[in-house]
Amino acid sequence: MAVIKLKENMKILFQGDSITDWGRSREDDGNLGFGYPMLISAQLGALAPHLNLKLINRAVGGDTTADMSARWTEDCVDLKPDALSIMIGVNDMWRAFDANKPTSPQTYYDNYRAMLERVKSEVGDIPLIILEPFVLPIPEDKPDWRADLDPKIHMTRRLAREYGAVYVPLDGIFAAKAVEAPPAYWSIDGVHPSARSVVVAR
């Protein structure tokens with residue numbers, strides 16, 4: 001598995017939807033919100049204060065891959081990150097059920113790959129971390145969503161292989177955790193993690 005080597009003054013960018021956004025500030029890059037980027041920042045800051053790492057969260061709640069693509073210049077390319085973490089895909093699934101706006105697995109892949117290609121060509125061959133989208137079987141309608149999400153998860157894995165990314169298999173991790181405790185322990189709606197599952201995801 002690929003490993004991210006931390007360097008002095010490294011700029012690490014987090015991108016995604018509400019799971020990553022989680023209340024981050026739009027005015028202050030130092031305010032990462034209350035989710036896993038904040039926990040990662042706290043841990044890295046405690047373990048390696050001498051590296052003077054800069055972590056930035058530019059995730060936007062509700063984003064699909066198409067939405068994220070539309071802001072990719074300002075919220076990624078122009079920032080010139082030294083490493084990039086992405087978690088995107090749950091809204092590409094969700095919009096099919098709440099807005100009748102489905103995204104095919106191929107379109108999801110094409111949107112995602114175009115963003116990674118822009119990073120490679122316009123930012124450089126920087127380390128990538130790709131987090132797998134996930135869904136837990138609550139409430140009752142969520143099990144029906146698997147047929148839409150599973151092919152997108154396979155596309156996410158394909159992209160991680162193609163780009164040599166560090167891959168975090170969250171759907172598998174949470175599926176295992178849902179055996180240890182009920183799904184509602186880890187998420188209130190099958191998509192947004194509870195505080196305890198943020199620690200697991202980290």
# chains A, B, ... in the order shown; residues from 1 in each chain; ligands from 1
call {"tool": "select_by_dssp", "arguments": {"residues": "segment 20-183 of chain A", "states": "alpha helix (DSSP H)", "output": "ChimeraX atom specification"}}
result
/A:20-21,36-47,65-70,72-75,90-98,105-118,146-163,170-180,183
call {"tool": "residues_around", "arguments": {"residues": "segment 154-164 of chain A", "least_positions_apart": "2", "cutoff": "12 Å", "atoms": "only C-alpha atoms", "output": "number ranges by chain"}}
result
A: 1-4, 65, 85-90, 104-117, 119-120, 125-134, 147-152, 166-171
call {"tool": "closest_residue", "arguments": {"among": "A:Gly172, A:Thr20, A:Lys80, A:Asn9", "to": "Ser121 of chain A", "atoms": "only C-alpha atoms"}}
result
A:Lys80
call {"tool": "atom_distance", "arguments": {"atom1": "atom CA of Ser69 of chain A", "atom2": "atom CA of Val191 of chain A"}}
result
21.6 Å
call {"tool": "atom_distance", "arguments": {"atom1": "atom CA of Asp78 of chain A", "atom2": "atom CA of Glu122 of chain A"}}
result
9.0 Å
call {"tool": "closest_residue", "arguments": {"among": "A:Asp189, A:Asp75, A:Asp98, A:Asp92", "to": "Val60 of chain A", "atoms": "only C-alpha atoms"}}
result
A:Asp75
call {"tool": "closest_residue", "arguments": {"among": "A:Met38, A:Val77, A:Met93, A:Leu13", "to": "Ile56 of chain A", "atoms": "only C-alpha atoms"}}
result
A:Leu13
call {"tool": "closest_residue", "arguments": {"among": "A:Leu6, A:Ser194, A:Ala165, A:Asp21", "to": "Leu51 of chain A", "atoms": "only C-alpha atoms"}}
result
A:Leu6
call {"tool": "closest_residue", "arguments": {"among": "A:Ala83, A:Ala59, A:Leu44, A:Ala178", "to": "Gly124 of chain A", "atoms": "only C-alpha atoms"}}
result
A:Ala83
call {"tool": "select_by_dssp", "arguments": {"residues": "segment 28-200 of chain A", "states": "strand (DSSP E or B)", "output": "list in words"}}
result
Lys54, Leu55, Ile56, Asn57, Ala83, Leu84, Ser85, Ile86, Met87, Leu128, Ile129, Ile130, Leu131, Val166, Tyr167, Val168, Ser187 and Pro193 of chain A
call {"tool": "closest_residue", "arguments": {"among": "A:Ala195, A:Gly23, A:Val135, A:Asp144", "to": "Ile173 of chain A", "atoms": "only C-alpha atoms"}}
result
A:Val135
